[in-house]
Amino acid sequence: MDLRIFTEPQQGATYGDLLRVARAAEDAGYDAFFRSDHYRAMGGVSGEPGPTDAWTTLSALAVQTERIRLGTLVTSATFRLPGPLAIQVAQADQMSGGRVELGLGAGWFEAEHTGYGIPFPPTRERFARLAEQLAVITGLWSTPAGESFAFSGEHYTLVDSPALPKPVQQPLPVIVGGTGPRRTPALAARFATEFNLPFVPLEQAVQQVDRVAAACTEAGRDPGSITRSVAHTLVVGKDGTAVARRAQELGVDAEQLADNPLAGTPAQIVDALGTWRERTGIRRVYLQVLDLADLDTVELVASEVAPQLG
């Protein structure tokens, strides 16, 4: 089972903070370092010194790390046009030597849009734009060298595009996730190499992976060809008292811990992830690390949880 570090830098982090965590994760043997793509803090924090751009960050990390994979969970389709986004991600992949992954979603946080002058269309339009962006980006990357790409949609039109640059990876991994019962599984079946379940309880996760499998079958795709993953907040401690104290420090409601397979002692987390793997078929776990100064926790999971997951 792959373990990946997932950060939320809009809550307050510099590039230096992210670089330190990414290098610590790489040294500890984690599979990947991911970050959110948000421009405004959430909850009762200031977000100072201010947001860092996801693809600027990942491009820099591409040349300041060596092995660890890099990506977004997830880039908002409202933030960027699909053509320029395809160029940004392909360039970052080249800079990293083929270690970049693109998580792409419809966008949901209205305040960060109004705060920075970004249009925030209704839900139906955001999902329509997401579908077209996935088609454009994957189409640009998969167009054979020397050929052009064209696309005519409701929201985006591309004419005689040279479809350059190409990413190193063919195909570059694309992550789609969420809990929508119809559109999300259909988009995953059509475009995704990985389907992610963010912050959901086990029974809801079981239902959603079944929907994705059904969507794959309907689309003529082997359901086993899409990697299943989950993201949860990491709340770990040596014993129950330490776990409760850590939850309080992170501002995590104690009631949320019961449905979180990443909350508990290392042994409890191993058992919980085993259950999740058995019930949902997940092969990848994103550990949301809220305290970027707490590298001891990153090392604790690497030494006491990862070796038991195989």
# chains A, B, ... in the order shown; residues from 1 in each chain; ligands from 1
$ residues_around --residues "segment 101-105 of chain A" --least-positions-apart "6" --cutoff "7 Å" --atoms "only C-alpha atoms" --output "ChimeraX atom specification"
/A:70-77,130,172-176
$ residues_around --residues "Arg40 of chain A" --least-positions-apart "3" --cutoff "7 Å" --atoms "only C-alpha atoms" --output "MDAnalysis selection string"
chainID A and resid 10 51 112
$ residues_around --residues "segment 262-269 of chain A" --least-positions-apart "4" --cutoff "9 Å" --atoms "only C-alpha atoms" --output "VMD selection string"
chain A and resid 231 to 240 242 to 244 247 257 to 258 273 to 274 287 300 to 301 304 to 305
$ residues_around --residues "Arg279 of chain A" --least-positions-apart "4" --cutoff "9 Å" --atoms "only C-alpha atoms" --output "list in words"
Leu202, Glu203, Ala205, Val206, Gly274 and Thr275 of chain A
$ write_last_selection --atoms "all heavy atoms" --output "PDB file, in the first residue's frame"
ATOM      1  N   LEU A 202     -16.234   4.672   6.098  1.00  0.00           N
ATOM      2  CA  LEU A 202     -16.011   3.426   5.372  1.00  0.00           C
ATOM      3  C   LEU A 202     -17.209   3.011   4.525  1.00  0.00           C
ATOM      4  O   LEU A 202     -17.056   2.649   3.351  1.00  0.00           O
ATOM      5  CB  LEU A 202     -15.647   2.316   6.365  1.00  0.00           C
ATOM      6  CG  LEU A 202     -15.422   0.933   5.773  1.00  0.00           C
ATOM      7  CD1 LEU A 202     -14.339   0.951   4.702  1.00  0.00           C
ATOM      8  CD2 LEU A 202     -15.066  -0.062   6.881  1.00  0.00           C
ATOM      9  N   GLU A 203     -18.406   3.030   5.099  1.00  0.00           N
ATOM     10  CA  GLU A 203     -19.572   2.545   4.351  1.00  0.00           C
ATOM     11  C   GLU A 203     -19.840   3.403   3.118  1.00  0.00           C
ATOM     12  O   GLU A 203     -20.221   2.895   2.060  1.00  0.00           O
ATOM     13  CB  GLU A 203     -20.801   2.493   5.253  1.00  0.00           C
ATOM     14  CG  GLU A 203     -20.698   1.483   6.384  1.00  0.00           C
ATOM     15  CD  GLU A 203     -20.363   0.073   5.890  1.00  0.00           C
ATOM     16  OE1 GLU A 203     -20.879  -0.333   4.829  1.00  0.00           O
ATOM     17  OE2 GLU A 203     -19.573  -0.605   6.569  1.00  0.00           O
ATOM     18  N   ALA A 205     -17.543   4.986   1.478  1.00  0.00           N
ATOM     19  CA  ALA A 205     -16.468   4.638   0.550  1.00  0.00           C
ATOM     20  C   ALA A 205     -16.796   3.358  -0.213  1.00  0.00           C
ATOM     21  O   ALA A 205     -16.565   3.265  -1.426  1.00  0.00           O
ATOM     22  CB  ALA A 205     -15.155   4.478   1.307  1.00  0.00           C
ATOM     23  N   VAL A 206     -17.330   2.371   0.478  1.00  0.00           N
ATOM     24  CA  VAL A 206     -17.704   1.111  -0.173  1.00  0.00           C
ATOM     25  C   VAL A 206     -18.733   1.360  -1.268  1.00  0.00           C
ATOM     26  O   VAL A 206     -18.615   0.843  -2.393  1.00  0.00           O
ATOM     27  CB  VAL A 206     -18.242   0.105   0.860  1.00  0.00           C
ATOM     28  CG1 VAL A 206     -18.845  -1.109   0.166  1.00  0.00           C
ATOM     29  CG2 VAL A 206     -17.139  -0.322   1.821  1.00  0.00           C
ATOM     30  N   GLY A 274      -6.067  -2.025   7.072  1.00  0.00           N
ATOM     31  CA  GLY A 274      -6.301  -3.381   6.590  1.00  0.00           C
ATOM     32  C   GLY A 274      -7.769  -3.626   6.307  1.00  0.00           C
ATOM     33  O   GLY A 274      -8.135  -4.240   5.293  1.00  0.00           O
ATOM     34  N   THR A 275      -8.628  -3.131   7.189  1.00  0.00           N
ATOM     35  CA  THR A 275     -10.071  -3.260   6.980  1.00  0.00           C
ATOM     36  C   THR A 275     -10.508  -2.486   5.751  1.00  0.00           C
ATOM     37  O   THR A 275     -11.297  -2.982   4.937  1.00  0.00           O
ATOM     38  CB  THR A 275     -10.838  -2.765   8.215  1.00  0.00           C
ATOM     39  OG1 THR A 275     -10.468  -3.547   9.353  1.00  0.00           O
ATOM     40  CG2 THR A 275     -12.340  -2.846   7.992  1.00  0.00           C
TER      41      THR A 275
END
$ select_by_dssp --residues "segment 93-137 of chain A" --states "strand (DSSP E or B)" --output "number ranges by chain"
A: 100-105
$ atom_distance --atom1 "atom CA of Glu255 of chain A" --atom2 "atom CA of Phe199 of chain A"
13.5 Å
$ residues_around --residues "segment 54-57 of chain A" --least-positions-apart "5" --cutoff "8 Å" --atoms "only C-alpha atoms" --output "ChimeraX atom specification"
/A:15,35-38,72,75,88-89,92
$ closest_residue --among "A:Ala189, A:Ala62, A:Ile137, A:Val100" --to "Gln169 of chain A" --atoms "only C-alpha atoms"
A:Val100
$ select_by_dssp --residues "segment 191-239 of chain A" --states "alpha helix (DSSP H)" --output "PyMOL selection string"
chain A and resi 191+202-218
$ atom_distance --atom1 "atom CA of Arg67 of chain A" --atom2 "atom CA of Thr138 of chain A"
24.4 Å
$ residues_around --residues "Arg20 of chain A" --least-positions-apart "4" --cutoff "9 Å" --atoms "only C-alpha atoms" --output "list in words"
Tyr15, Gly16, Ala24, Ala25, Leu292, Ala293 and Leu295 of chain A
$ residues_around --residues "Ala150 of chain A" --least-positions-apart "6" --cutoff "10 Å" --atoms "only C-alpha atoms" --output "ChimeraX atom specification"
/A:136,139-140,143,157-163
$ closest_residue --among "A:Ile282, A:Ala106, A:Leu81, A:Ile87" --to "Tyr156 of chain A" --atoms "only C-alpha atoms"
A:Leu81
$ closest_residue --among "A:Gln248, A:Val212, A:Gly177, A:Glu299" --to "Arg23 of chain A" --atoms "only C-alpha atoms"
A:Glu299
$ atom_distance --atom1 "atom CA of Val289 of chain A" --atom2 "atom CA of Thr7 of chain A"
5.5 Å
$ closest_residue --among "A:Asp271, A:Pro181, A:Arg283, A:Ser229" --to "Asn196 of chain A" --atoms "only C-alpha atoms"
A:Ser229
